[in-house]
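Q: This structure is in structure tokens; I'll ask about it shortly.
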Amino acid sequence: MTRIGFIGLGNMGGPMAANLARAGHTVQVFDLVAESLTRAIEAGCIAAGDAREAVSGCELVISMLPAGEHVRSLWLGEGAGERGGQDLLAALPLGALVIDCSTIDVASARQVGAAAQARGIRFLDAPVSGGVAGAAAGTLTFIVGGEQADFEAAKPVLACMGQNLFHAGALGAGQIAKMCNNMLLAIHMAGTAEALALGVKEGLDPGVLSTIMGKSSGNNWSLERYNPWPGVMENAPASRNYQGGFMTRLMVKDLGLAMALAEHAHSAVPMGALARNLFNLHATKGQGARDFSSIVELYLDKTEPG
Ligand code: NAD
């Protein structure tokens, strides 16, 4: 069994670390939020006082943070104050393996990866798909960029948290594939919400309409596994007031990353741009901390028919 350092115990990192502990690994964890540490201890992890303590004695370290700035701050020491100045790469032994599972910009992933390699530390960008339910069930999809040999070395540990392990290509390729995926996710979530709202406004039951479309050509992951309408799917964030899922503000971040990627690639993304505007509008209405499937509420304004 491996001694693993794990930094970032939010909606995703918490259950991922718990699955590593359940599989018998020694998991040393740290998060800035005290309650997350308490939950991790209950799940069998060992809480550390700071990130440096969490990685001490570890040959393998996983980070699961919100965005590129947090990852650069943790691993390179960029920024100041409580969230900065860690330069955690300096605390690792030669040959250690860092797996960053956060969804971040390609440039940050490559920057941290290059800094790690310069110090003789191996680095993989390994963003995930599957949501909080997938993290809890250990059925995540890992989308990995980096050296093939490092991917092979990471596989046994990733398999404790996920079912599908993909090597997308060189350093940064995991993030590129993840951005393409999340742009598509945003588009089909907004489309699903739009279709459900239309049917319900015309008198259909949202559960019946979901079943019909789920067996028809409109079926998709948002409809079938993450239904945005409250009460249709017991375990979806929609049925718990959109709490504890994938925050709208994180989807806005991912869509911003996809737009930057599209600019770099000179690739037209009209649907992605529209989805970004929709989720951004939703976030500016005070919905940034709620699950992104709450986008359905944008379609439910009680305006009088003209
Ligand atoms: P979250 O905000 O719930 O968790 C992030 C955690 O990182 C927080 O607990 C925060 O306290 C901690 N943190 C930030 N800086 C830190 C530091 N310097 N040291 C220690 N802890 C620190 O976010 P999440 O939903 O868990 O998402 C994490 C990443 O995974 C994001 O990049 C997100 O885009 C991606 N992701 C999320 C989902 C989802 O469904 N929630 C799905 C796939 C991918």
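Within each chain, counting starts at residue 1; across the structure tokens, chains are named A, B, ... in the order shown, with ligands numbered 1 upward in that order.
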Residues within 8 Å of ligand 1, counting only C-alpha atoms and all ligand atoms: report them as a VMD selection string.

A: chain A and resid 7 to 14 30 to 33 36 50 to 51 64 to 67 70 to 71 73 to 74 82 to 84 86 101 to 104 127 to 133 244 to 247 250 to 251 253 to 254

Q: Could you give me, as number ranges by chain, the residues within 12 Å of Gln163 (chain A), counting only C-alpha atoms and dropping anything in the same chain fewer than 4 positions from it?

A: A: 128-130, 134-135, 137-143, 155-159

Q: Can you list every residue in region 70-296 of chain A that DSSP puts in strand (DSSP E or B), as a ChimeraX atom specification?

A: /A:97-100,122-125,128-129,140-145,162-169,247,291

Q: Work out how far apart CA of Ala48 (chain A) and CA of Arg72 (chain A) are and give it in Å to one decimal.

A: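 Rounded to one decimal, the two atoms are 20.5 Å apart.
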
Q: Which one of A:Ala126, A:Leu20, A:Cys58, A:Ala149 sits closest to Gly172 (chain A) if you count only C-alpha atoms?

A: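 Distance minimum relative to Gly172 (chain A) lands on A:Ala126.
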
Q: Which residue, A:Gln287, A:Thr192, A:Gln117, A:Gln175, has the smallest gap to Asp150 (chain A) when you use only C-alpha atoms?

A: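 Ranking A:Gln287, A:Thr192, A:Gln117, A:Gln175 by distance to Asp150 (chain A), first place goes to A:Gln117.
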
Q: Which residues, written as number ranges by chain, have at least one atom at most 12 Å from Leu184 (chain A), with only C-alpha atoms counted and residues fewer than 6 positions away on the same chain left out?

A: A: 177-178, 190-191, 220-222, 251, 254-255, 258, 269-276

Q: Let's see if you can do this: from backbone DSSP, list all helix (DSSP H, G or I) residues in region 192-226 of chain A, as a PyMOL selection string.

A: chain A and resi 192-201+206-214+221-225
